[in-house]
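Q: Quick one: structure below, then a few questions.
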Amino acid sequence: MQSNSTNDHPLFIFPKTQTGIDGLDEITEGGLPKGRPTLICGGAGCGKTLLSMQFLIKGITEFNEPGVFMSFEEPSDDLSLNVRSLGFDLEQLKAEKKLVVDHVRVERSEIEEAGEYDLEGLFIRLGHAIDTVKATRVVLDTIESLFAGLDNQAILRAELRRLFHWLKDKGVTAIITGERGQETLTRQGLEEYVSDCVILLDHRVIEQVSTRRLRIVKYRGSTHGTNEYPFLIDENGISVLPITSLKLDNEVSSDIVSTGVPGVDGMFEKGGFYRGSNILVSGTAGTAKTTVACYFADEQCKKGEKTIYFAFEESPQQLVRNMASIGIDLQKHISDGSLLIHSSRPSLNGLELHLLTLRKLIRDFKPTTVVIDPISNLITVGSEHEVRSMLVRLIDMLKANNITAVFTSLNKQTDAIRPDLAEESVSSLVDTWITVRDMEGFGERNRGIFIIKARGMGHSNQVREFIITRKGIELLDVKLGPDGILTGAARKANEINNKLSEIKHQNEIDRKDREIIRKRKVLEANIEALRNEFESVEEELNLLRTTEAMQQKLGLNKKENDK
Amino acid sequence: MINSDTALTLNENDSAEWQLLLYIAGQTPKSVKALSNIKKYAEEHLAGKYSIEIIDLLKSPQLAEGDQILAVPTLVRRVPEPIRKIIGDLSNEERVLVGLNIKPLMK
């Protein structure tokens, strides 16, 4: 029987109400428990009111679920004003009969307690508001204010317990907010009453950069993400960054995209990067990382791929100007809409806000290529651990969207080809790693490019020298000298040497040619002499023969005469 | 004992010196007690110059918001200003009288 019943419900889904808040539904795997109260607690200014307000507004605008906001702190007008700056128009929702905002003012000085009472008045008000708009979502913000306004704690606690039961009976999905207490989640221990779902908000300042975090303390009857998730409040309200759940099950592509740099394609067995892979271009200052990145961006734009270039060092204008000097016309791509350059200082925001900006732009612009230049600048705004976790999320997000991404990274050590901090935090995450480096010697500096790794692809092991001219990057052919690869002046010296020896060689050949001609002449002369000698001997012999013939003839005639 | 009309006014007197409102939610023992208490005190101290209006929130819940009613029963002194509120069944006479400002605090 039991097996039957489980077969009848093979996919039991815990009923949930979507919050419509970016990222929160992913962490809670579908939203808040439907028809039950949820407690949101946290210190002052951590975004409790906003989160709950957004829950209501999104419920109305996205899921057509009317809501009631019962405020114990702020008057209705203040609330309207506060959320207007986030683009929500409460007044209009109120006029459309989708939202009721009721401000419950509890003023201790106005109230005298004389005898037994209950909070039926509050229930009636709430019930009336719920019935007026047929609300399925309710927010009580911050109900703990009652404790400040009323003396009789025993009544209050009993009534609160009754209230939460009543809310459940009403079948509304409710959010109750509470101030964080010293040792408890809330000052008045509301977590005792609301036991279905508790979300804790936190606001920390680390090294002068503030980060808001959200954690689900408990969620009865459902699995949920348990980590602390950073969240942001910006002009669109709250967004939570849910992605630390690296599942690593993204689709992979075998498409190849060109690096854009002539010659570098040839260093990869398949002629470029895989689409959707991450490429790190690292190097010390002035080794043309940005140029390499721009080449890639330019190439992608030419092929009609949408590209976002996040510049943390240069303004868009500056970047366009600088690249124009080496023959890359980025302005053209900006004008035709295939390229977006987004510049900001890394210190402008905390890491999370950067990540969120990235995320938003990526969502709005839908690029297939992203360049972040340089990723190492971000390390200045966070600890290594934070940067790393942010990069994991970033790369994860890029992978999930099958975006080919190029990061540049500045390393501080000039003598070692091995990475420093910035690279170390990225290197294991990226698929392809190209290093551009200075090669110093003979009183000059040359640039070399080589591939450290390329996942899933054979690649060249050579350090290729390249030069940047007005026409752009040019990879030079590999010149092998006795001590390894030759660059710069050594390469020139080598070229001159080669030329000299070539000339010498040519001279030698010429000399040999002449000698042989001479020898042939001698030979021919000898042949002539021998032939002459031969001819004269032959002539002599002929003469002798003729003489002998004459004599015989003469002898014969004599015999005839004798007869 | 309480008339079931939405708003019942005892001692019809709009211009009464003391205008009191009693908010209740149905005829609970607490409401009944509160009403009898306030009538007793009013007769004792404010005879002839008061009016009591009874508002049953079960019948007109929309009125709760206006006077910021949370708890029931709540006695509201509308006139004279400023508005004062006393919650509970009003069994503590001392507190009611002080709350209504009928009588200063006992020394």
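Ligands are numbered from 1 in the order shown, chains are lettered A, B, ... in the order of the structure tokens, and residues start at 1 in each chain.
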I need the residues of range 87-306 of chain A that end up classed as alpha helix (DSSP H) by DSSP on the backbone, written out as a VMD selection string.
A: chain A and resid 90 to 95 120 to 133 145 to 149 153 to 170 264 to 267 289 to 302
Q: Should the cut-off be 10 Å, what would the residue list for chain B against chain A look like, counting only C-alpha atoms, as a VMD selection string?
A: chain B and resid 23 to 26 30 to 31 33 to 34 57 to 65 67 to 76 82 to 100
Q: For CA of Cys197 in chain A and CA of Phe164 in chain A, determine how far apart the two atoms are, in Å to one decimal place.
A: 12.7 Å
Q: For CA of Ala493 in chain A and CA of Asn446 in chain A, determine how far apart the two atoms are, in Å to one decimal place.
A: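 Distance reported for this atom pair: 14.7 Å.
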Q: Going by DSSP on the backbone, which bits of chain B are strand (DSSP E or B)? Write them as a list in words, please.
A: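 For chain B, the strand (DSSP E or B) set is Ala7, Leu8, Thr9, Leu10, Trp18, Gln19, Leu20, Leu21, Leu22, Tyr23, Ile24, Tyr50, Ser51, Ile52, Glu53, Ile54, Ile55, Asp56, Val72, Thr74, Leu75, Val76, Arg77, Arg78, Val79, Arg84, Lys85, Ile86 and Ile87 of chain B.
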Q: Which one is closest to Gln27 in chain B: B:Val79, B:Ile55, B:Lys39, B:Lys49? Count only C-alpha atoms.
A: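 Answer, going by the shortest atom-to-atom distance: B:Ile55.
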Q: Quick one: distance from CA of Lys94 in chain A to CA of Ile143 in chain A in Å, one decimal?
A: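 Distance reported for this atom pair: 22.0 Å.
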